[in-house]
>>> print(open('run00.cif').read())   # mmCIF, C-alpha atoms and all ligand atoms
data_work
loop_
_atom_site.label_atom_id
_atom_site.label_comp_id
_atom_site.auth_asym_id
_atom_site.auth_seq_id
_atom_site.Cartn_x
_atom_site.Cartn_y
_atom_site.Cartn_z
CA MET A 70 0.00 0.00 0.00
CA LYS A 71 1.29 3.43 -0.92
CA LYS A 72 1.58 5.88 1.91
CA ARG A 73 -0.58 8.97 1.59
CA ILE A 74 1.46 12.07 2.39
CA LEU A 75 0.22 15.61 2.88
CA LEU A 76 2.98 18.08 2.07
CA LEU A 77 2.41 21.48 3.68
CA ALA A 78 4.32 24.44 2.24
CA GLY A 79 4.36 28.22 2.21
CA GLY A 80 3.01 29.40 5.53
CA GLN A 81 2.69 32.65 7.38
CA SER A 82 6.32 33.53 8.00
CA GLY A 83 8.86 35.67 6.16
CA GLU A 84 10.25 32.39 4.85
CA HIS A 85 7.12 31.60 2.80
CA GLU A 86 8.92 31.71 -0.57
CA VAL A 87 11.86 29.64 0.72
CA SER A 88 9.37 26.99 1.80
CA LEU A 89 7.76 26.90 -1.66
CA MET A 90 11.19 26.30 -3.21
CA SER A 91 11.90 23.47 -0.78
CA ALA A 92 8.47 21.96 -1.44
CA ARG A 93 9.04 21.80 -5.17
CA SER A 94 12.22 19.79 -4.58
CA VAL A 95 10.60 17.43 -2.05
CA LEU A 96 7.58 16.90 -4.30
CA ALA A 97 9.80 15.89 -7.17
CA ALA A 98 11.89 13.57 -5.00
CA LEU A 99 9.37 11.47 -3.02
CA PRO A 100 9.31 8.14 -4.89
CA ARG A 101 5.87 7.71 -6.49
CA ASP A 102 5.92 3.93 -6.21
CA GLN A 103 5.89 4.37 -2.41
CA PHE A 104 4.00 7.59 -1.84
CA ASP A 105 0.84 9.38 -2.94
CA VAL A 106 1.67 13.01 -2.26
CA THR A 107 -0.83 15.84 -1.97
CA PRO A 108 0.67 19.32 -1.65
CA VAL A 109 -1.23 22.05 0.16
CA VAL A 110 0.13 25.56 0.14
CA ILE A 111 -0.69 27.75 3.13
CA SER A 112 -1.03 31.44 2.25
CA LYS A 113 0.73 34.21 4.14
CA GLN A 114 -2.65 34.91 5.76
CA GLY A 115 -2.62 31.35 7.10
CA ARG A 116 -5.31 29.94 4.82
CA TRP A 117 -5.05 26.50 3.26
CA LEU A 118 -5.35 26.65 -0.53
CA PRO A 119 -7.39 24.26 -2.67
CA PRO A 120 -5.52 22.15 -5.30
CA THR A 121 -5.68 24.76 -8.08
CA GLY A 122 -4.38 27.56 -5.87
CA THR A 123 -1.69 25.25 -4.51
CA GLN A 124 -0.55 24.32 -8.00
CA GLN A 125 -0.39 27.96 -9.06
CA ALA A 126 1.58 28.92 -5.97
CA LEU A 127 4.10 26.09 -6.44
CA GLU A 128 4.59 26.97 -10.09
CA SER A 129 4.89 30.74 -9.64
CA GLY A 130 6.74 30.60 -6.29
CA GLU A 131 4.71 33.62 -5.19
CA ALA A 132 2.60 34.07 -2.10
CA PRO A 133 -1.06 33.42 -2.97
CA THR A 134 -4.23 34.71 -1.30
CA GLY A 135 -7.60 33.05 -0.67
CA GLY A 136 -8.12 29.57 0.76
CA ASP A 137 -9.85 28.12 3.81
CA LEU A 138 -9.37 28.83 7.46
CA VAL A 139 -7.07 26.23 8.92
CA LEU A 140 -9.62 24.74 11.30
CA HIS A 141 -11.96 23.97 8.41
CA ARG A 142 -9.24 21.90 6.85
CA VAL A 143 -7.82 19.91 9.76
CA ALA A 144 -10.42 17.21 9.37
CA SER A 145 -9.40 16.76 5.75
CA ALA A 146 -5.88 15.91 6.90
CA GLU A 147 -7.33 12.80 8.54
CA GLY A 148 -7.11 10.75 5.36
CA TYR A 149 -3.31 10.89 5.35
CA ASP A 150 -0.71 8.51 6.78
CA ALA A 151 1.69 11.32 7.49
CA VAL A 152 2.17 15.06 7.06
CA PHE A 153 5.40 16.69 5.93
CA PRO A 154 5.18 20.22 7.35
CA LEU A 155 7.82 21.83 5.17
CA LEU A 156 7.28 25.20 6.81
CA HIS A 157 9.90 27.54 8.19
CA GLY A 158 9.66 30.06 10.99
CA PRO A 159 6.66 31.11 13.11
CA MET A 160 3.40 29.16 12.60
CA GLY A 161 5.26 26.30 10.98
CA GLU A 162 8.53 25.45 12.67
CA ASP A 163 7.52 26.63 16.13
CA GLY A 164 5.20 23.90 17.42
CA THR A 165 1.89 25.42 16.32
CA ILE A 166 1.28 23.18 13.29
CA GLN A 167 2.86 20.35 15.27
CA GLY A 168 0.26 20.87 18.00
CA LEU A 169 -2.57 20.81 15.49
CA LEU A 170 -1.33 17.58 13.92
CA THR A 171 -0.78 16.00 17.34
CA LEU A 172 -4.38 16.85 18.29
CA ALA A 173 -5.60 15.41 15.00
CA GLY A 174 -3.60 12.23 15.67
CA ILE A 175 -1.62 12.37 12.41
CA PRO A 176 2.10 11.45 12.37
CA PHE A 177 4.36 14.14 10.91
CA VAL A 178 7.94 14.70 9.83
CA GLY A 179 10.23 16.47 12.29
CA SER A 180 10.18 17.56 15.89
CA GLY A 181 7.07 17.57 18.06
CA VAL A 182 5.54 20.50 19.91
CA LEU A 183 8.22 20.72 22.59
CA GLY A 184 11.32 20.38 20.39
CA SER A 185 9.90 22.71 17.75
CA ALA A 186 8.81 25.42 20.14
CA VAL A 187 11.95 25.44 22.24
CA SER A 188 14.30 25.31 19.24
CA MET A 189 12.46 28.13 17.47
CA ASP A 190 12.91 30.46 20.43
CA LYS A 191 16.51 31.62 20.64
CA VAL A 192 16.19 32.43 24.36
CA MET A 193 14.64 29.12 25.37
CA THR A 194 17.21 27.27 23.26
CA LYS A 195 20.04 29.07 25.04
CA GLN A 196 18.57 28.29 28.47
CA VAL A 197 18.08 24.60 27.77
CA LEU A 198 21.48 24.21 26.14
CA ALA A 199 23.23 26.09 28.93
CA SER A 200 21.93 23.50 31.37
CA ALA A 201 23.27 20.79 29.05
CA GLY A 202 26.72 22.42 29.19
CA VAL A 203 26.77 23.49 25.54
CA PRO A 204 29.08 26.50 24.89
CA GLN A 205 27.24 29.63 23.70
CA VAL A 206 27.95 33.35 23.45
CA GLU A 207 26.81 35.64 26.26
CA TRP A 208 23.29 36.93 25.86
CA ARG A 209 20.47 38.93 27.50
CA LEU A 210 16.70 38.87 27.03
CA ALA A 211 14.58 42.00 26.62
CA LEU A 212 10.80 42.36 26.42
CA ARG A 213 8.94 44.86 24.22
CA ARG A 214 7.29 46.34 27.29
CA GLU A 215 10.66 46.89 28.98
CA TRP A 216 12.00 48.68 25.89
CA ARG A 217 8.90 50.88 25.85
CA ASP A 218 8.71 51.68 29.57
CA GLN A 219 12.30 51.30 30.83
CA PRO A 220 14.69 51.75 27.88
CA ALA A 221 17.63 52.41 30.21
CA LEU A 222 17.22 48.92 31.62
CA VAL A 223 17.55 47.39 28.16
CA GLU A 224 20.46 49.69 27.28
CA GLY A 225 22.14 48.58 30.49
CA ARG A 226 21.90 44.94 29.43
CA ALA A 227 23.46 45.83 26.08
CA ALA A 228 26.26 47.68 27.87
CA GLU A 229 27.01 44.55 29.90
CA LEU A 230 27.68 42.71 26.66
CA GLY A 231 29.64 45.53 24.98
CA PHE A 232 29.88 46.36 21.27
CA PRO A 233 29.65 44.95 18.72
CA LEU A 234 26.57 42.95 19.60
CA PHE A 235 23.72 41.32 17.74
CA VAL A 236 20.05 42.19 18.26
CA LYS A 237 17.59 39.51 17.16
CA PRO A 238 13.87 38.82 17.39
CA ALA A 239 13.69 35.67 19.56
CA ASN A 240 11.37 33.74 17.22
CA LEU A 241 12.37 34.32 13.62
CA GLY A 242 14.76 32.96 11.02
CA SER A 243 16.55 33.79 7.76
CA SER A 244 18.22 36.72 9.56
CA VAL A 245 14.97 38.70 9.35
CA GLY A 246 15.06 41.60 11.83
CA ILE A 247 18.66 40.92 12.91
CA SER A 248 21.16 43.77 13.29
CA LYS A 249 24.82 43.89 14.13
CA VAL A 250 25.26 46.91 16.36
CA SER A 251 28.71 48.49 16.62
CA ARG A 252 27.92 51.92 18.10
CA THR A 253 25.66 53.18 20.88
CA GLN A 254 23.60 55.32 18.49
CA ASP A 255 22.70 52.26 16.38
CA LEU A 256 21.25 50.32 19.31
CA ALA A 257 17.81 52.00 19.46
CA PRO A 258 16.96 51.53 15.75
CA ALA A 259 18.06 47.89 15.99
CA LEU A 260 15.83 47.32 19.02
CA ASP A 261 12.90 49.12 17.37
CA LEU A 262 13.24 46.86 14.33
CA ALA A 263 13.49 43.64 16.34
CA PHE A 264 10.56 44.62 18.61
CA SER A 265 8.42 45.42 15.56
CA LEU A 266 8.67 41.70 14.77
CA ASP A 267 8.63 40.03 18.17
CA ARG A 268 7.65 40.61 21.79
CA ARG A 269 10.91 39.00 22.93
CA VAL A 270 14.32 40.09 21.72
CA ILE A 271 17.71 38.59 22.39
CA LEU A 272 20.90 40.61 22.66
CA GLU A 273 24.02 38.61 21.94
CA ALA A 274 27.68 39.38 22.41
CA MET A 275 29.54 39.05 19.16
CA THR A 276 32.25 36.41 18.98
CA SER A 277 35.76 37.86 19.57
CA HIS A 278 36.50 37.76 15.80
CA LYS A 279 34.29 37.28 12.75
CA PRO A 280 33.41 33.62 13.20
CA ARG A 281 33.59 30.83 10.68
CA GLU A 282 30.05 29.46 10.27
CA VAL A 283 29.87 25.70 10.39
CA GLU A 284 26.75 23.58 10.23
CA VAL A 285 25.90 19.94 10.74
CA GLY A 286 22.82 17.89 9.92
CA ILE A 287 21.18 15.52 12.38
CA LEU A 288 18.91 12.70 11.24
CA GLY A 289 16.94 10.26 13.41
CA ASN A 290 14.61 10.08 16.36
CA ASP A 291 15.93 8.70 19.64
CA ALA A 292 19.11 7.29 18.03
CA PRO A 293 20.12 10.24 15.86
CA VAL A 294 23.20 10.41 13.62
CA ALA A 295 25.25 13.42 12.56
CA SER A 296 26.30 14.28 9.01
CA PRO A 297 29.74 15.53 8.03
CA VAL A 298 30.31 19.19 8.96
CA GLY A 299 29.81 21.90 6.33
CA GLU A 300 30.87 25.54 6.20
CA LEU A 301 29.44 28.69 4.66
CA SER A 302 31.77 31.45 3.55
CA PHE A 303 30.78 34.94 2.37
CA GLU A 304 32.08 38.50 2.18
CA ALA A 305 29.28 40.32 4.06
CA GLU A 306 29.60 41.64 7.65
CA PHE A 307 27.39 38.77 8.75
CA TYR A 308 25.18 36.12 7.18
CA ASP A 309 22.22 38.41 6.52
CA TYR A 310 19.06 37.82 4.45
CA GLU A 311 20.56 39.14 1.23
CA THR A 312 23.66 36.99 1.54
CA LYS A 313 21.52 33.96 2.31
CA TYR A 314 19.21 34.28 -0.66
CA THR A 315 21.17 36.06 -3.39
CA GLU A 316 22.69 33.58 -5.80
CA GLY A 317 26.48 33.57 -5.61
CA ARG A 318 26.87 35.55 -2.35
CA ALA A 319 27.77 32.57 -0.18
CA GLU A 320 29.80 29.47 -0.83
CA MET A 321 29.23 26.07 0.69
CA HIS A 322 32.18 23.86 1.65
CA ILE A 323 31.57 20.20 2.45
CA PRO A 324 33.37 18.95 4.37
CA ALA A 325 34.37 22.09 6.27
CA ARG A 326 38.11 22.64 6.39
CA LEU A 327 38.46 22.07 10.11
CA PRO A 328 40.93 20.23 12.33
CA ARG A 329 39.54 16.73 12.83
CA GLU A 330 39.00 17.20 16.55
CA VAL A 331 37.00 20.39 15.99
CA ALA A 332 34.74 18.66 13.44
CA GLU A 333 34.24 15.81 15.91
CA GLN A 334 33.37 18.28 18.68
CA VAL A 335 30.83 19.97 16.36
CA ARG A 336 29.13 16.65 15.62
CA GLU A 337 29.06 15.52 19.24
CA THR A 338 27.79 18.86 20.51
CA ALA A 339 25.07 18.91 17.84
CA LEU A 340 23.87 15.46 18.86
CA LYS A 341 23.85 16.51 22.50
CA ALA A 342 21.79 19.61 21.62
CA PHE A 343 19.34 17.58 19.50
CA ARG A 344 18.71 15.30 22.48
CA ALA A 345 18.57 18.09 25.05
CA LEU A 346 15.93 19.94 23.00
CA ASP A 347 13.94 16.74 22.38
CA CYS A 348 14.18 17.16 18.62
CA ALA A 349 13.06 14.42 16.23
CA GLY A 350 13.48 13.56 12.57
CA LEU A 351 15.84 16.24 11.45
CA ALA A 352 17.65 19.39 12.48
CA ARG A 353 20.47 21.54 11.20
CA VAL A 354 22.67 22.70 14.04
CA ASP A 355 24.71 25.85 13.38
CA PHE A 356 27.95 26.82 15.11
CA PHE A 357 30.44 29.67 15.25
CA TYR A 358 34.08 28.60 15.17
CA VAL A 359 36.56 31.31 16.06
CA GLU A 360 39.69 30.20 14.31
CA GLU A 361 41.96 32.73 16.04
CA THR A 362 41.17 31.39 19.51
CA GLY A 363 39.82 27.92 18.85
CA GLU A 364 36.49 28.77 20.54
CA LEU A 365 33.42 26.91 19.37
CA TYR A 366 29.90 28.16 20.13
CA LEU A 367 26.57 26.64 19.25
CA ASN A 368 24.52 29.35 17.52
CA GLU A 369 21.14 27.81 16.81
CA VAL A 370 19.13 24.71 16.01
CA ASN A 371 16.81 24.77 12.98
CA THR A 372 14.18 22.03 13.17
CA MET A 373 12.98 22.53 9.57
CA PRO A 374 16.06 23.73 7.69
CA GLY A 375 16.04 24.90 4.06
CA PHE A 376 15.31 21.85 1.96
CA THR A 377 15.91 22.56 -1.72
CA THR A 378 18.21 20.12 -3.52
CA THR A 379 21.02 22.68 -3.14
CA SER A 380 20.37 23.52 0.54
CA MET A 381 22.98 22.76 3.17
CA TYR A 382 21.06 20.04 5.05
CA PRO A 383 20.44 17.70 2.09
CA LYS A 384 23.94 18.43 0.75
CA LEU A 385 25.47 17.36 4.08
CA PHE A 386 23.72 14.00 3.91
CA GLU A 387 24.51 13.61 0.24
CA ALA A 388 28.17 13.86 1.31
CA ALA A 389 27.45 11.01 3.72
CA GLY A 390 26.08 8.88 0.86
CA VAL A 391 22.35 9.55 1.39
CA SER A 392 20.72 10.87 -1.79
CA TYR A 393 18.05 13.58 -1.63
CA SER A 394 15.29 11.13 -2.45
CA GLU A 395 16.57 8.57 0.08
CA LEU A 396 16.67 11.36 2.64
CA VAL A 397 13.02 12.42 2.21
CA THR A 398 11.94 8.77 2.23
CA ARG A 399 13.88 8.21 5.44
CA LEU A 400 12.24 11.26 7.03
CA VAL A 401 8.77 9.90 6.33
CA SER A 402 9.77 6.52 7.82
CA LEU A 403 11.04 8.31 10.92
CA ALA A 404 7.68 10.11 11.19
CA LEU A 405 5.89 6.75 11.18
CA GLU A 406 8.34 5.05 13.54
CA GLU A 407 7.32 4.23 17.09
CA ARG A 408 9.62 6.10 19.49
P1 LIG B 501 18.66 33.16 12.01
O1 LIG B 501 17.88 32.21 12.86
O2 LIG B 501 17.80 34.24 11.44
O3 LIG B 501 19.51 32.46 10.97
P2 LIG B 501 21.12 33.62 13.53
O4 LIG B 501 21.10 33.64 15.01
O5 LIG B 501 21.66 32.39 12.89
O6 LIG B 501 19.66 33.95 12.99
O7 LIG B 501 21.96 34.87 13.04
C1 LIG B 501 22.14 35.16 11.67
C2 LIG B 501 23.59 35.45 11.35
O8 LIG B 501 24.07 36.57 12.12
C3 LIG B 501 24.57 34.34 11.70
O9 LIG B 501 24.60 33.35 10.71
C4 LIG B 501 25.87 35.12 11.83
O10 LIG B 501 26.40 35.47 10.55
C5 LIG B 501 25.43 36.40 12.51
N1 LIG B 501 25.51 36.31 13.98
C6 LIG B 501 24.45 36.10 14.77
N2 LIG B 501 24.81 36.09 16.08
C7 LIG B 501 26.14 36.28 16.11
C8 LIG B 501 27.12 36.40 17.16
N3 LIG B 501 26.74 36.31 18.45
N4 LIG B 501 28.41 36.58 16.82
C9 LIG B 501 28.78 36.68 15.51
N5 LIG B 501 27.91 36.61 14.48
C10 LIG B 501 26.61 36.41 14.76
MG MG B 502 17.47 30.17 12.44
MG MG B 503 21.01 31.13 11.36
#
>>> encode(input="run00.cif", output="structure tokens")
Amino acid sequence: MKKRILLLAGGQSGEHEVSLMSARSVLAALPRDQFDVTPVVISKQGRWLPPTGTQQALESGEAPTGGDLVLHRVASAEGYDAVFPLLHGPMGEDGTIQGLLTLAGIPFVGSGVLGSAVSMDKVMTKQVLASAGVPQVEWRLALRREWRDQPALVEGRAAELGFPLFVKPANLGSSVGISKVSRTQDLAPALDLAFSLDRRVILEAMTSHKPREVEVGILGNDAPVASPVGELSFEAEFYDYETKYTEGRAEMHIPARLPREVAEQVRETALKAFRALDCAGLARVDFFYVEETGELYLNEVNTMPGFTTTSMYPKLFEAAGVSYSELVTRLVSLALEER
């Protein structure tokens, strides 16, 4: 019997278009002798599109409008063996969809409510990983209300970290709303921007030098494995939205040119983080390696990383001998596996 798969793409976050790109690749790669795949694109307004709208959105790659309210459509998900929620960012990678599918009793690819929600939130991730002894940069939390009513308090926290520092919305991705702040006068605009996107903002000390950015893929449920380590190199000040999504701005190196013991430490730390955060299925774990000092910091855990055929996560497993189509097939099996 073929497995019936519902592939969810698009979604309400700033990473809507990225998700559509990933979905096209996954759709083409799921072997048709094993799977019956139905794609459903979710609009930026959070509505589930009917087949024609979904097809148009996948072909054009543009955010569509229209569609049904999500709760009208949950019941229709019942006919599926598994859901592949190929959604990035808020309302997709953060436990919300995962909660809906859990309530509906439908298995799905990737982390559950807990792992998704905690990994999406940069502050919660840092707190959990600190208690697991994972090295991270120094950071402070600030709330929108604090910035509005007691700005000096928030400025004081920034001063504790010193410049340059990074200001980030706690629950976003793709570098949306992130600023590198090098001077006092740039702090307020950076905080205004981040607070326009999130109620919670994280301030982070910058690494002592511009870090090398190394990433590793994790695959599995309660016995996860780590891929080889990859590296991204680019000219920009930091890995911002433009650098991420403009063709030719960043280069991928697999395997990363790292001393063997550093690569091993990256893989072990990533596995430890995956377990500590109760992730499942897949995750891409990103690190900063400061070559000058040998420091290694875990930056973040992405529970639904970019998934086009040229994205880092599938490329890392390809380097380990797992083809793109084997990888998506394996992810569906992991979704159906008893844990
Ligand atoms: P996102 O979830 O949007 O990808 P990240 O936390 O990964 O956000 O930050 C985006 C980029 O900003 C990183 O890839 C890196 O280039 C830069 N960056 C973020 N935090 C730091 C830091 N503490 N030190 C140095 N660079 C940083
Ligand atoms: Mg991220
Ligand atoms: Mg990142």
>>> residues_near_ligand(input="run00.cif", ligand="ligand MG 503 (chain B)", cutoff="12 Å", atoms="only C-alpha atoms and all ligand atoms", output="ChimeraX atom specification")
/A:158,188-189,191,237,239-245,247,282-284,301,307-310,312-313,353-357,367-375,381
>>> closest_residue(input="run00.cif", among="A:Pro280, A:Gly161, A:Pro154, A:Gly350", to="ligand LIG 501 (chain B)", atoms="all atoms listed in the file")
A:Pro280
>>> atom_distance(input="run00.cif", atom1="atom CA of Val152 of chain A", atom2="atom CA of Met70 of chain A")
16.8 Å
>>> atom_distance(input="run00.cif", atom1="atom CA of Ile175 of chain A", atom2="atom CA of Phe153 of chain A")
10.5 Å
>>> residues_around(input="run00.cif", residues="segment 73-77 of chain A", least_positions_apart="4", cutoff="6 Å", atoms="all atoms listed in the file", output="list in words")
Phe104, Asp105, Val106, Thr107, Pro108, Val109, Val110, Tyr149, Asp150, Ala151, Val152, Phe153, Pro154 and Leu155 of chain A
>>> atom_distance(input="run00.cif", atom1="atom CA of Leu169 of chain A", atom2="atom CA of His157 of chain A")
15.9 Å
>>> closest_residue(input="run00.cif", among="A:Leu256, A:Val206, A:Gln196, A:Ala319", to="Gly225 of chain A", atoms="only C-alpha atoms")
A:Leu256
